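Engineer: Sharing a structure with you now.
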Amino acid sequence: MAKRENEGCPRFATPTTVSPITIEHTGFVDLQVNGFAGIDFNDPGCTPDDLQRALDAIVRTGVTRCLPTLITSSLDRFTACARLIARHPSRVIAGLHMEGPYISPADGARGAHPLEHVAPASRDDFERRQEAAEGRIVLVTLAPEVPGALALIEHLSAAGIRVALGHTVAEPQQIADAVRAGATLSTHLGNGCPLTLPRHPNVIWEQLAADALVASLIVDGHHLPPSTVKVMVRAKSPERTILVTDAVAPAASPPGQYWVSGMRIELDANGRVSKPGSRMLAGSALLMPQAIGNVVRFTDLAIDRVLRMASDQPAAYIGVRPAGRVTMVWDADEHRLTVERVTQMDTNESDPQIHTDEHR
Ligand SMILES: [Zn+2]
């Protein structure tokens with residue numbers, strides 16, 4: 001006998017919708033930004049006005065402090081780019097992130113870094129680059145297996161400069177040695193490594209298991225699949241996970257072709273940045289609020305937990321204070337975080353001193 005509709009049957013609950021809420025939070029801190037809003041920080045032709053325009057656009061996304069990131073390049077090119085950033089009077093710049101040139105020359109691991117400028121780790125070379133940067137390099141990403149890396153890690157960590165592992169094909173013992181020497185971060189874990197790896201051990205498992213290493217992740221949905229993000233955050237713990245954008249010039253810009261670090265790259269309609277005609281990613285067009293929304297979607301963590309992965313935690317990692325306040329609307333159904341307002345940063349507060357010039 002047919003029942004009348006709903007008679008004696010539990011009703012299926014209609015999906016609950018949560019109205020968007022307003023959140024006020026401390027500003028975001030991005031430890032890896034190569035460029036933004038059409039401006040390439042790795043271009044020696046970048047002017048102070050260009051840099052300021054990019055920083056203004058970055059702040060509009062809620063990022064009130066960042067590390068402009070200079071990738072593998074010749075000393076001359078690095079010097080020109082670093083000097084401009086170091087001398088720019090903006091508190092948004094919390095220092096410089098030097099990614100390379102002491103990285104793996106292997107295809108895949110090297111990513112989009114130019115092979116001709118990949119170099120062994122050298123204290124002399126670093127000192128020249130740090131001098132060009134007027135002592136403002138606070139984070140160095142290197143591969144621990146390159147000659148000279150362990151000695152440089154020891155030197156940098158003794159000088160208070162953070163050392164991250166990245167663009168590497170290191171063996172387990174080399175990762176353990178790097179951690180012992182003072183490395184404390186995995187740069188964009190799961191990227192900057194060969195496209196195929198032995199199932200185990202490999203460079204991802206070893207870094208995931210190393211509790212002394214915090215991990216930075218690029219959560220744009222292109223660099224890491226959702227399941228990988230979920231598992232990495234669980235393995236590493238939310239407390240030891242930092243969100244970075246690894247943004248390049250096309251970020252906050254329309255799809256099309258751009259010149260970045262002397263090479264042509266393309267931003268497609270899905271927000272993927274790659275070399276034209278290739279699957280190789282070349283940075284991202286990710287904005288920090290999107291990264292935060294994606295992490296909630298991929299991991300089911302609460303929004304307030306994920307916000308710390310983009311603010312207090314990266315700030316604490318490099319020893320600075322987050323700055324300013326960001327007012328945002330969070331739509332939990334759509335996993336969409338929209339920045340409404342960024343308040344003025346407090347310019348009176350100084351950071352705890354990071355001793356970056358004792359080694360000079
Ligand atoms: Zn990289």
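The chains in the structure tokens are called A, B, ... from first to last as shown; in each chain the residues are counted from 1, and the ligands are counted from 1 in the order shown.
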Using only C-alpha atoms and all ligand atoms, determine which residues fall within 12 Å of ligand 1, then list them as a PyMOL selection string.
Structural biologist: chain A and resi 31-34+69-72+97-104+108-114+140-143+164-168+186-193+216-218+223+244-248+280-284
Engineer: Quick one: pick out all alpha helix (DSSP H) residues within stretch 135-333 of chain A from a backbone DSSP run and write them as a PyMOL selection string.
Structural biologist: chain A and resi 149-158+172-181+203-209+226-236+288-299+303-308+312-318
Engineer: Do you know which residues are at most 10 Å from stretch 197-208 of chain A counting only C-alpha atoms, after dropping those on the same chain fewer than 6 positions away, and could you put them as a PDB file with C-alpha atoms, in the first residue's frame?
Structural biologist:
```
ATOM      1  CA  LEU A 165      63.909  23.151   1.994  1.00  0.00           C
ATOM      2  CA  GLY A 166      62.511  23.294  -1.513  1.00  0.00           C
ATOM      3  CA  THR A 168      64.887  19.358  -3.897  1.00  0.00           C
ATOM      4  CA  VAL A 169      65.415  15.670  -4.580  1.00  0.00           C
ATOM      5  CA  ALA A 170      67.144  15.054  -1.260  1.00  0.00           C
ATOM      6  CA  GLU A 171      67.557  11.595   0.185  1.00  0.00           C
ATOM      7  CA  PRO A 172      66.071  10.936   3.645  1.00  0.00           C
ATOM      8  CA  GLN A 173      69.461  11.278   5.333  1.00  0.00           C
ATOM      9  CA  GLN A 174      70.079  14.634   3.633  1.00  0.00           C
ATOM     10  CA  ILE A 175      66.753  15.943   4.922  1.00  0.00           C
ATOM     11  CA  ALA A 176      67.550  14.716   8.427  1.00  0.00           C
ATOM     12  CA  VAL A 179      66.983  19.637   9.944  1.00  0.00           C
ATOM     13  CA  LEU A 185      60.402  24.942   6.818  1.00  0.00           C
ATOM     14  CA  SER A 186      59.388  23.005   3.711  1.00  0.00           C
ATOM     15  CA  LEU A 189      55.591  21.041   0.074  1.00  0.00           C
ATOM     16  CA  GLY A 190      54.456  18.679  -2.674  1.00  0.00           C
ATOM     17  CA  ASN A 191      55.641  21.032  -5.423  1.00  0.00           C
ATOM     18  CA  VAL A 214      56.763  23.645   9.258  1.00  0.00           C
ATOM     19  CA  ALA A 215      55.199  23.248   5.787  1.00  0.00           C
ATOM     20  CA  VAL A 231      46.262  14.606   4.240  1.00  0.00           C
ATOM     21  CA  MET A 232      49.214  16.992   4.428  1.00  0.00           C
ATOM     22  CA  VAL A 233      47.458  19.308   6.881  1.00  0.00           C
ATOM     23  CA  ARG A 234      46.485  16.329   9.042  1.00  0.00           C
ATOM     24  CA  ALA A 235      49.957  14.815   8.952  1.00  0.00           C
ATOM     25  CA  LYS A 236      51.718  18.087   9.580  1.00  0.00           C
ATOM     26  CA  SER A 237      48.972  19.498  11.870  1.00  0.00           C
TER      27      SER A 237
END
```
Engineer: Restricting the calculation to only C-alpha atoms, which member of A:Asp30, A:Glu127, A:Glu134, A:Asp50 is positioned closest to A:Ala315?
Structural biologist: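 Counting only C-alpha atoms, the residue closest to A:Ala315 is A:Asp30.
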Engineer: Find the residue from A:Ala323, A:Ile318, A:Cys46, A:Ala310 that sits nearest to A:Leu96; use only C-alpha atoms when measuring.
Structural biologist: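 Selected residue with least distance to A:Leu96: A:Ile318.
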Engineer: Which residues come within 10 Å of stretch 76-87 of chain A, counting only C-alpha atoms, excluding same-chain residues fewer than 6 positions away, as a VMD selection string?
Structural biologist: chain A and resid 40 to 48 51 to 52 67 to 70 93 to 98 128 to 137 261
Engineer: Excluding A:Ala151 and residues on its chain fewer than 4 positions from it, collect all residues at most 9 Å away from it, counting only C-alpha atoms, and give them as number ranges by chain.
Structural biologist: A: 121-123, 155-156, 181
Engineer: For the residues in that selection, give me C-alpha atoms as a PDB file, in the first residue's frame.
Structural biologist:
```
ATOM      1  CA  ALA A 121      75.451  26.806  -2.000  1.00  0.00           C
ATOM      2  CA  SER A 122      78.136  29.275  -1.099  1.00  0.00           C
ATOM      3  CA  ARG A 123      78.532  31.560   1.862  1.00  0.00           C
ATOM      4  CA  HIS A 155      75.573  29.658   9.081  1.00  0.00           C
ATOM      5  CA  LEU A 156      72.176  31.110   8.204  1.00  0.00           C
ATOM      6  CA  ALA A 181      71.740  21.923  10.744  1.00  0.00           C
TER       7      ALA A 181
END
```
